[in-house]
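Everything below concerns the one structure shown next.
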Amino acid sequence: KGITHLACWAHARREFEKALQNDRPRAEKALMMIQKLYKIERRAKEEQLAAEKIKELRLKESLPVINQMGKWIFEEIKNTLPKSQIGKAMAYAYARWDALSAYLNDGHLQIDNNLIENAIRPVALGRKNYLFAGSHEAAQRSAMIYSFFAICKKHEVNPFKWLKHTLLNISSINHKNLKDLYPQNYKQISDKSNM
């Protein structure tokens, strides 16, 4: 309960891009509609709209595009070979239609998951390297360090300065104040010391 399942329009777009060689007219039509959705998102970002205004914009402008595309796919999927690239693209979107449309109802939600994919790419790229951490405990320690550095990045904290501060202070800090050493709290401490 309370979880919104989303599908990624960037992945749906890739499926239709693969279909360009198989069925250019229908693939281009789908891509044009997807492009309209992204144009609306770009406008919301450029205008720096609040979440509630983004929702209003989406319901006013994106919903009609999504409805049009949904009706079109529902009709056209009957006229495609399921194993063809365009058939696969339509089946991909059709099977995920509710999840592809769910972002409309909340201005905080994204049209695709590109941001998170970019954030976790270093982890995915290094996955094979992590198999050779030496032991399970060493792998867990590496995961903790990566997590701390990711938090530093998220909160715009210099990881070297944070780590140096943490190592210098960890032995003398009261265990009740251990949270003061977290990267997200370090920025407040360093800002105070720079005043």
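FYI, nothing fancy with the structure tokens labels: chains A, B, ... in order, residues from 1 per chain, ligands from 1 as they appear.
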Within 10 Å of Glu17 in chain A using only C-alpha atoms, minus same-chain residues under 2 positions, as a ChimeraX atom specification
/A:11-15,19-22,24,27-28,30-31,85-86,89
What are the DSSP helix (DSSP H, G or I) residues of range 11-172 of chain A, as JSON, numbers by chain?
{"A": [11, 12, 13, 14, 15, 16, 17, 18, 24, 25, 26, 27, 28, 29, 30, 31, 32, 33, 34, 35, 36, 37, 38, 39, 40, 41, 42, 43, 44, 45, 46, 51, 52, 53, 54, 55, 56, 57, 58, 59, 60, 61, 62, 63, 64, 65, 66, 67, 68, 69, 70, 71, 72, 73, 74, 75, 76, 77, 78, 79, 85, 86, 87, 88, 89, 90, 91, 92, 93, 94, 95, 97, 98, 99, 100, 101, 102, 103, 104, 105, 114, 115, 116, 117, 118, 119, 120, 121, 122, 123, 124, 125, 127, 128, 129, 130, 136, 137, 138, 139, 140, 141, 142, 143, 144, 145, 146, 147, 148, 149, 150, 151, 152, 153, 154, 159, 160, 161, 162, 163, 164, 165, 166, 167, 168, 169]}
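Minimum atom-to-atom distance to Phe16 in chain A, evaluated using only C-alpha atoms, belongs to A:Lys88 out of A:Lys176, A:Lys88, A:Lys36, A:His155.
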Would you mind listing what lies within 9 Å of Leu6 in chain A as a short mmCIF file (atom, residue, chain, number, x, y, z; two decimals) with C-alpha atoms, in the first residue's frame, with only C-alpha atoms counted and same-chain residues fewer than 2 positions away left out?
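Dumped everything to out-v2.cif:
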data_model
loop_
_atom_site.label_atom_id
_atom_site.label_comp_id
_atom_site.auth_asym_id
_atom_site.auth_seq_id
_atom_site.Cartn_x
_atom_site.Cartn_y
_atom_site.Cartn_z
CA THR A 4 3.26 3.69 -6.93
CA CYS A 8 9.94 3.95 -17.79
CA ARG A 96 2.88 -1.71 -18.82
CA ASP A 98 -0.99 1.60 -16.18
CA ALA A 99 2.59 1.90 -14.88
CA LEU A 100 3.58 4.11 -17.83
CA SER A 101 0.64 6.42 -17.08
CA ALA A 102 1.01 6.50 -13.28
CA TYR A 103 3.51 9.40 -13.28
CA LEU A 109 7.34 11.38 -10.02
CA GLN A 110 9.55 11.22 -13.10
CA ILE A 111 8.59 10.18 -16.63
CA ASP A 112 11.51 7.76 -16.73
CA ASN A 113 14.14 6.30 -14.45
#
Using only C-alpha atoms, determine which residues lie at most 12 Å from Pro159 in chain A, disregarding the query and same-chain residues fewer than 5 positions distant; provide the list as a VMD selection string.
chain A and resid 145 to 154 164 to 166 182 to 184 186 to 187
Output of the above residues as a short mmCIF file (atom, residue, chain, number, x, y, z; two decimals), in the first residue's frame, restricted to N, CA and C atoms:
data_model
loop_
_atom_site.label_atom_id
_atom_site.label_comp_id
_atom_site.auth_asym_id
_atom_site.auth_seq_id
_atom_site.Cartn_x
_atom_site.Cartn_y
_atom_site.Cartn_z
N ILE A 145 31.29 1.76 2.38
CA ILE A 145 32.08 2.91 1.91
C ILE A 145 31.42 3.53 0.68
N TYR A 146 31.02 2.68 -0.29
CA TYR A 146 30.33 3.20 -1.47
C TYR A 146 29.06 3.95 -1.09
N SER A 147 28.33 3.42 -0.12
CA SER A 147 27.10 4.08 0.33
C SER A 147 27.42 5.45 0.94
N PHE A 148 28.44 5.50 1.78
CA PHE A 148 28.82 6.78 2.38
C PHE A 148 29.22 7.79 1.30
N PHE A 149 30.01 7.33 0.32
CA PHE A 149 30.43 8.25 -0.74
C PHE A 149 29.25 8.69 -1.61
N ALA A 150 28.28 7.82 -1.81
CA ALA A 150 27.08 8.20 -2.57
C ALA A 150 26.30 9.26 -1.79
N ILE A 151 26.23 9.11 -0.46
CA ILE A 151 25.55 10.11 0.35
C ILE A 151 26.30 11.44 0.29
N CYS A 152 27.63 11.38 0.30
CA CYS A 152 28.43 12.60 0.14
C CYS A 152 28.08 13.30 -1.16
N LYS A 153 28.03 12.53 -2.23
CA LYS A 153 27.71 13.11 -3.54
C LYS A 153 26.33 13.74 -3.53
N LYS A 154 25.37 13.02 -2.96
CA LYS A 154 23.99 13.52 -2.93
C LYS A 154 23.89 14.84 -2.18
N LYS A 164 38.24 12.38 6.22
CA LYS A 164 39.31 12.86 7.11
C LYS A 164 38.72 13.31 8.44
N HIS A 165 37.66 14.11 8.39
CA HIS A 165 36.98 14.59 9.60
C HIS A 165 36.48 13.41 10.44
N THR A 166 35.89 12.42 9.78
CA THR A 166 35.33 11.26 10.48
C THR A 166 36.42 10.46 11.16
N TYR A 182 27.78 11.42 10.16
CA TYR A 182 27.20 11.02 8.88
C TYR A 182 27.46 12.11 7.83
N PRO A 183 27.66 11.72 6.58
CA PRO A 183 27.94 12.71 5.54
C PRO A 183 26.88 13.81 5.43
N GLN A 184 25.60 13.44 5.58
CA GLN A 184 24.54 14.44 5.45
C GLN A 184 24.56 15.46 6.58
N TYR A 186 27.60 16.28 8.09
CA TYR A 186 28.93 16.91 8.03
C TYR A 186 28.84 18.31 7.41
N LYS A 187 28.00 18.46 6.39
CA LYS A 187 27.91 19.76 5.71
C LYS A 187 27.51 20.86 6.69
#
CA of Met33 in chain A to CA of Gly87 in chain A: how many Å, to one decimal?
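Distance reported for this atom pair: 17.2 Å.
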Give me the residues within 12 Å of Leu59 in chain A as a list in words, counting only C-alpha atoms and dropping any in the same chain fewer than 2 places off.
Leu37, Ile40, Glu41, Glu52, Lys53, Ile54, Lys55, Glu56, Leu57, Glu61, Ser62, Leu63, Pro64, Val65, Ile66, Asn67, Ser101, Ala102, Tyr103, Leu104, Asn105, Asp106 and Gly107 of chain A
